[in-house]
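Each remark here refers to the structure printed beneath this line.
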Amino acid sequence: MTTLKSKLHDDLNAAIKERDELRSSTLRLTLAAITKEEVAGKEKRELSDDEVQKVIAREAKKRREAADAFAQGGRPEQAERERAEGEVLAGYLPKQLSDDELNAIVAQAVEEARAAGAEGPRAMGAVMKIVNPKVAGQAEGGRVAAAVKKLLAG
């Protein structure tokens with residue numbers, strides 16, 4: 001078992017012992033998603049820590065989207081529950097980049113792309129190829145794309 005997955009199991013056991021319903025249900029759902037990912041495809045496999053982290057990030061994104069949907073639907077208590085679950089999962093993800101840090105990385109990538117001959121809005125793909133490996137797991141794709149578009153347009 002990978003270290004991140006075993007940490008999730010240990011934290012789940014601790015949450016159950018402490019009768020922390022929110023934390024235990026969130027970790028159960030996340031571990032179920034990890035198991036589902038492991039058995040998807042032709043044969044069962046063990047996920048690496050990076051793959052487990054991607055599953056956790058995907059689950060956290062689902063919580064954010066659900067919280068927004070519940071808030072718009074006039075169900076604030078359910079939206080609050082989804083936000084709380086998202087915060088539990090955020091503890092297992094790397095620290096997110098601030099807007100300033102992200103903009104600095106994107107600006108550097110835009111310069112690299114321009115040096116390679118990519119110009120204007122068509123350079124989006126080239127810039128994203130440079131930026132994505134640098135910010136993997138530390139910034140959501142939508143945020144990265146928005147920052148790239150803003151700098152290429154400006």
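In the structure tokens, the first chain shown is A, the next is B, and so on; residue numbers restart at 1 for each chain, and ligands run from 1 in the order shown.
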
- Task: Excluding range 21-36 of chain A and any residue of its chain fewer than 6 positions from it, enumerate the residues within 6 Å of it, using only C-alpha atoms, and give them as a VMD selection string.
- Result: chain A and resid 12 15 85

Selection to disk with N, CA and C atoms, as a compact mmCIF listing (two decimals), in the first residue's frame:
# COMPACT_ATOMS: atom_id res chain seq x y z
N LEU A 12 -8.69 7.45 8.73
CA LEU A 12 -10.07 6.97 8.79
C LEU A 12 -10.32 6.23 10.10
N ALA A 15 -10.54 8.71 12.86
CA ALA A 15 -11.80 9.47 12.80
C ALA A 15 -12.96 8.63 13.32
N GLU A 85 -16.27 18.99 3.67
CA GLU A 85 -15.64 17.78 3.13
C GLU A 85 -14.47 18.15 2.24

- prompt: What lies within 12 Å of range 140-154 of chain A using only C-alpha atoms, ignoring chain neighbours under 6 positions off, as a PyMOL selection string?
  reply: chain A and resi 54+57-58+60-61+64+93-111+113-114+118-134

How would the residues just picked look written out with C-alpha atoms as a CSV table (one decimal), in the first residue's frame?
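Writing the result to result_31.csv gives the following:
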chain,number,residue,atom,x,y,z
A,54,LYS,CA,-5.0,13.0,-8.5
A,57,ALA,CA,-7.9,16.3,-6.1
A,58,ARG,CA,-10.7,15.1,-8.3
A,60,ALA,CA,-12.1,17.8,-3.8
A,61,LYS,CA,-13.1,19.4,-7.1
A,64,ARG,CA,-16.4,22.4,-4.6
A,93,LEU,CA,-3.2,17.8,-1.2
A,94,PRO,CA,-0.1,20.0,-1.8
A,95,LYS,CA,-0.4,23.7,-0.9
A,96,GLN,CA,-2.1,25.6,-3.8
A,97,LEU,CA,-0.1,28.3,-5.5
A,98,SER,CA,-1.2,31.9,-4.8
A,99,ASP,CA,-2.3,34.0,-7.8
A,100,ASP,CA,1.0,35.9,-7.7
A,101,GLU,CA,3.1,32.7,-7.8
A,102,LEU,CA,0.9,31.3,-10.6
A,103,ASN,CA,1.2,34.5,-12.6
A,104,ALA,CA,5.0,34.5,-12.2
A,105,ILE,CA,5.3,30.9,-13.5
A,106,VAL,CA,2.9,31.7,-16.4
A,107,ALA,CA,4.8,34.9,-17.3
A,108,GLN,CA,8.0,32.9,-17.5
A,109,ALA,CA,6.4,30.3,-19.7
A,110,VAL,CA,5.0,32.9,-22.0
A,111,GLU,CA,8.5,34.3,-22.5
A,113,ALA,CA,7.0,30.2,-25.8
A,114,ARG,CA,7.7,33.6,-27.4
A,118,ALA,CA,4.8,31.2,-30.5
A,119,GLU,CA,2.8,34.5,-30.6
A,120,GLY,CA,-0.6,35.7,-29.6
A,121,PRO,CA,-3.6,33.6,-28.6
A,122,ARG,CA,-2.4,30.7,-30.8
A,123,ALA,CA,0.5,30.3,-28.3
A,124,MET,CA,-2.0,29.0,-25.7
A,125,GLY,CA,-1.1,25.3,-26.3
A,126,ALA,CA,2.6,25.9,-26.2
A,127,VAL,CA,2.4,27.9,-23.0
A,128,MET,CA,0.1,25.3,-21.3
A,129,LYS,CA,2.7,22.5,-22.2
A,130,ILE,CA,5.4,24.5,-20.4
A,131,VAL,CA,3.2,25.5,-17.4
A,132,ASN,CA,1.3,22.3,-16.6
A,133,PRO,CA,4.3,20.2,-15.4
A,134,LYS,CA,5.5,23.0,-13.2

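Going from CA of Arg83 in chain A to CA of Ala66 in chain A covers 8.6 Å.
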
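Going from CA of Lys44 in chain A over to CA of Asp10 in chain A, you cover 22.5 Å.
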
Query raised in the report: Can you list, as an NGL selection string, every residue of chain A that DSSP puts in helix (DSSP H, G or I)?
Result: :A and (3-17 or 21-39 or 49-72 or 76-90 or 99-115 or 120-135 or 141-153)

So that I have them on file, write out the residues from the current selection with C-alpha atoms, as a short mmCIF file (atom, residue, chain, number, x, y, z; two decimals), in the first residue's frame.
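again.cif, freshly written:
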data_model
loop_
_atom_site.label_atom_id
_atom_site.label_comp_id
_atom_site.auth_asym_id
_atom_site.auth_seq_id
_atom_site.Cartn_x
_atom_site.Cartn_y
_atom_site.Cartn_z
CA THR A 3 2.16 5.85 1.92
CA LEU A 4 -0.63 8.32 1.10
CA LYS A 5 -3.25 5.57 0.89
CA SER A 6 -2.09 4.05 4.20
CA LYS A 7 -2.23 7.54 5.78
CA LEU A 8 -5.84 7.83 4.59
CA HIS A 9 -6.63 4.44 6.16
CA ASP A 10 -4.95 5.41 9.44
CA ASP A 11 -6.79 8.75 9.52
CA LEU A 12 -10.07 6.97 8.79
CA ASN A 13 -9.54 4.61 11.73
CA ALA A 14 -8.70 7.57 13.98
CA ALA A 15 -11.80 9.47 12.80
CA ILE A 16 -14.01 6.45 13.50
CA LYS A 17 -12.58 6.09 17.01
CA GLU A 21 -18.73 11.61 11.30
CA LEU A 22 -17.78 14.26 8.71
CA ARG A 23 -14.12 13.19 8.49
CA SER A 24 -14.86 9.45 8.50
CA SER A 25 -17.53 9.67 5.79
CA THR A 26 -15.31 11.88 3.62
CA LEU A 27 -12.34 9.52 3.96
CA ARG A 28 -14.55 6.48 3.28
CA LEU A 29 -15.83 8.02 0.04
CA THR A 30 -12.30 8.98 -1.00
CA LEU A 31 -10.92 5.50 -0.28
CA ALA A 32 -13.82 4.03 -2.26
CA ALA A 33 -12.91 6.28 -5.21
CA ILE A 34 -9.27 5.15 -4.94
CA THR A 35 -10.31 1.48 -4.89
CA LYS A 36 -12.61 2.06 -7.86
CA GLU A 37 -9.69 3.58 -9.76
CA GLU A 38 -7.47 0.62 -8.84
CA VAL A 39 -9.91 -1.97 -10.22
CA ASP A 49 1.08 8.31 -4.48
CA ASP A 50 0.80 10.70 -7.46
CA GLU A 51 -2.20 8.80 -8.80
CA VAL A 52 -3.81 8.72 -5.34
CA GLN A 53 -3.25 12.47 -5.11
CA LYS A 54 -4.99 12.96 -8.48
CA VAL A 55 -7.99 10.98 -7.21
CA ILE A 56 -8.10 13.11 -4.04
CA ALA A 57 -7.87 16.30 -6.15
CA ARG A 58 -10.73 15.05 -8.34
CA GLU A 59 -12.83 14.30 -5.25
CA ALA A 60 -12.07 17.75 -3.80
CA LYS A 61 -13.13 19.37 -7.08
CA LYS A 62 -16.41 17.42 -6.97
CA ARG A 63 -17.02 18.81 -3.48
CA ARG A 64 -16.39 22.40 -4.62
CA GLU A 65 -18.72 22.02 -7.59
CA ALA A 66 -21.41 20.38 -5.44
CA ALA A 67 -21.12 23.16 -2.85
CA ASP A 68 -21.64 25.77 -5.58
CA ALA A 69 -24.63 23.87 -6.97
CA PHE A 70 -26.23 23.51 -3.53
CA ALA A 71 -25.62 27.19 -2.75
CA GLN A 72 -27.30 28.22 -6.02
CA PRO A 76 -26.92 26.39 2.31
CA GLU A 77 -26.60 23.64 4.95
CA GLN A 78 -25.80 21.03 2.29
CA ALA A 79 -23.40 23.47 0.58
CA GLU A 80 -21.63 24.00 3.90
CA ARG A 81 -21.28 20.22 4.37
CA GLU A 82 -19.70 19.88 0.91
CA ARG A 83 -17.28 22.75 1.66
CA ALA A 84 -16.30 21.08 4.95
CA GLU A 85 -15.64 17.78 3.13
CA GLY A 86 -13.54 19.67 0.58
CA GLU A 87 -11.45 21.15 3.39
CA VAL A 88 -10.86 17.68 4.86
CA LEU A 89 -9.55 16.55 1.46
CA ALA A 90 -7.47 19.72 1.00
CA ASP A 99 -2.27 34.05 -7.75
CA ASP A 100 1.04 35.92 -7.70
CA GLU A 101 3.10 32.69 -7.78
CA LEU A 102 0.95 31.29 -10.59
CA ASN A 103 1.21 34.51 -12.62
CA ALA A 104 5.01 34.50 -12.24
CA ILE A 105 5.25 30.92 -13.54
CA VAL A 106 2.88 31.70 -16.43
CA ALA A 107 4.79 34.87 -17.34
CA GLN A 108 8.04 32.91 -17.50
CA ALA A 109 6.37 30.26 -19.69
CA VAL A 110 4.96 32.94 -22.03
CA GLU A 111 8.50 34.32 -22.48
CA GLU A 112 9.81 30.80 -23.24
CA ALA A 113 7.03 30.24 -25.78
CA ARG A 114 7.69 33.62 -27.44
CA ALA A 115 11.40 32.79 -27.63
CA GLY A 120 -0.63 35.72 -29.60
CA PRO A 121 -3.65 33.61 -28.62
CA ARG A 122 -2.41 30.70 -30.77
CA ALA A 123 0.47 30.26 -28.31
CA MET A 124 -1.97 28.97 -25.66
CA GLY A 125 -1.14 25.30 -26.29
CA ALA A 126 2.61 25.89 -26.24
CA VAL A 127 2.42 27.87 -23.00
CA MET A 128 0.15 25.29 -21.33
CA LYS A 129 2.66 22.53 -22.21
CA ILE A 130 5.36 24.49 -20.41
CA VAL A 131 3.24 25.50 -17.39
CA ASN A 132 1.33 22.28 -16.61
CA PRO A 133 4.31 20.17 -15.45
CA LYS A 134 5.52 23.03 -13.22
CA VAL A 135 2.18 23.53 -11.44
CA GLY A 141 -6.45 23.67 -14.71
CA GLY A 142 -9.12 26.36 -15.05
CA ARG A 143 -7.08 28.81 -12.99
CA VAL A 144 -3.96 28.08 -15.06
CA ALA A 145 -5.82 28.49 -18.37
CA ALA A 146 -7.36 31.79 -17.23
CA ALA A 147 -3.94 33.14 -16.19
CA VAL A 148 -2.42 32.09 -19.55
CA LYS A 149 -5.26 33.69 -21.55
CA LYS A 150 -4.96 36.89 -19.53
CA LEU A 151 -1.22 37.20 -20.15
CA LEU A 152 -1.44 36.26 -23.83
CA ALA A 153 -4.22 38.78 -24.43
#

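Computed from the coordinates, the CA of Ala139 in chain A to CA of Leu47 in chain A distance equals 21.6 Å.
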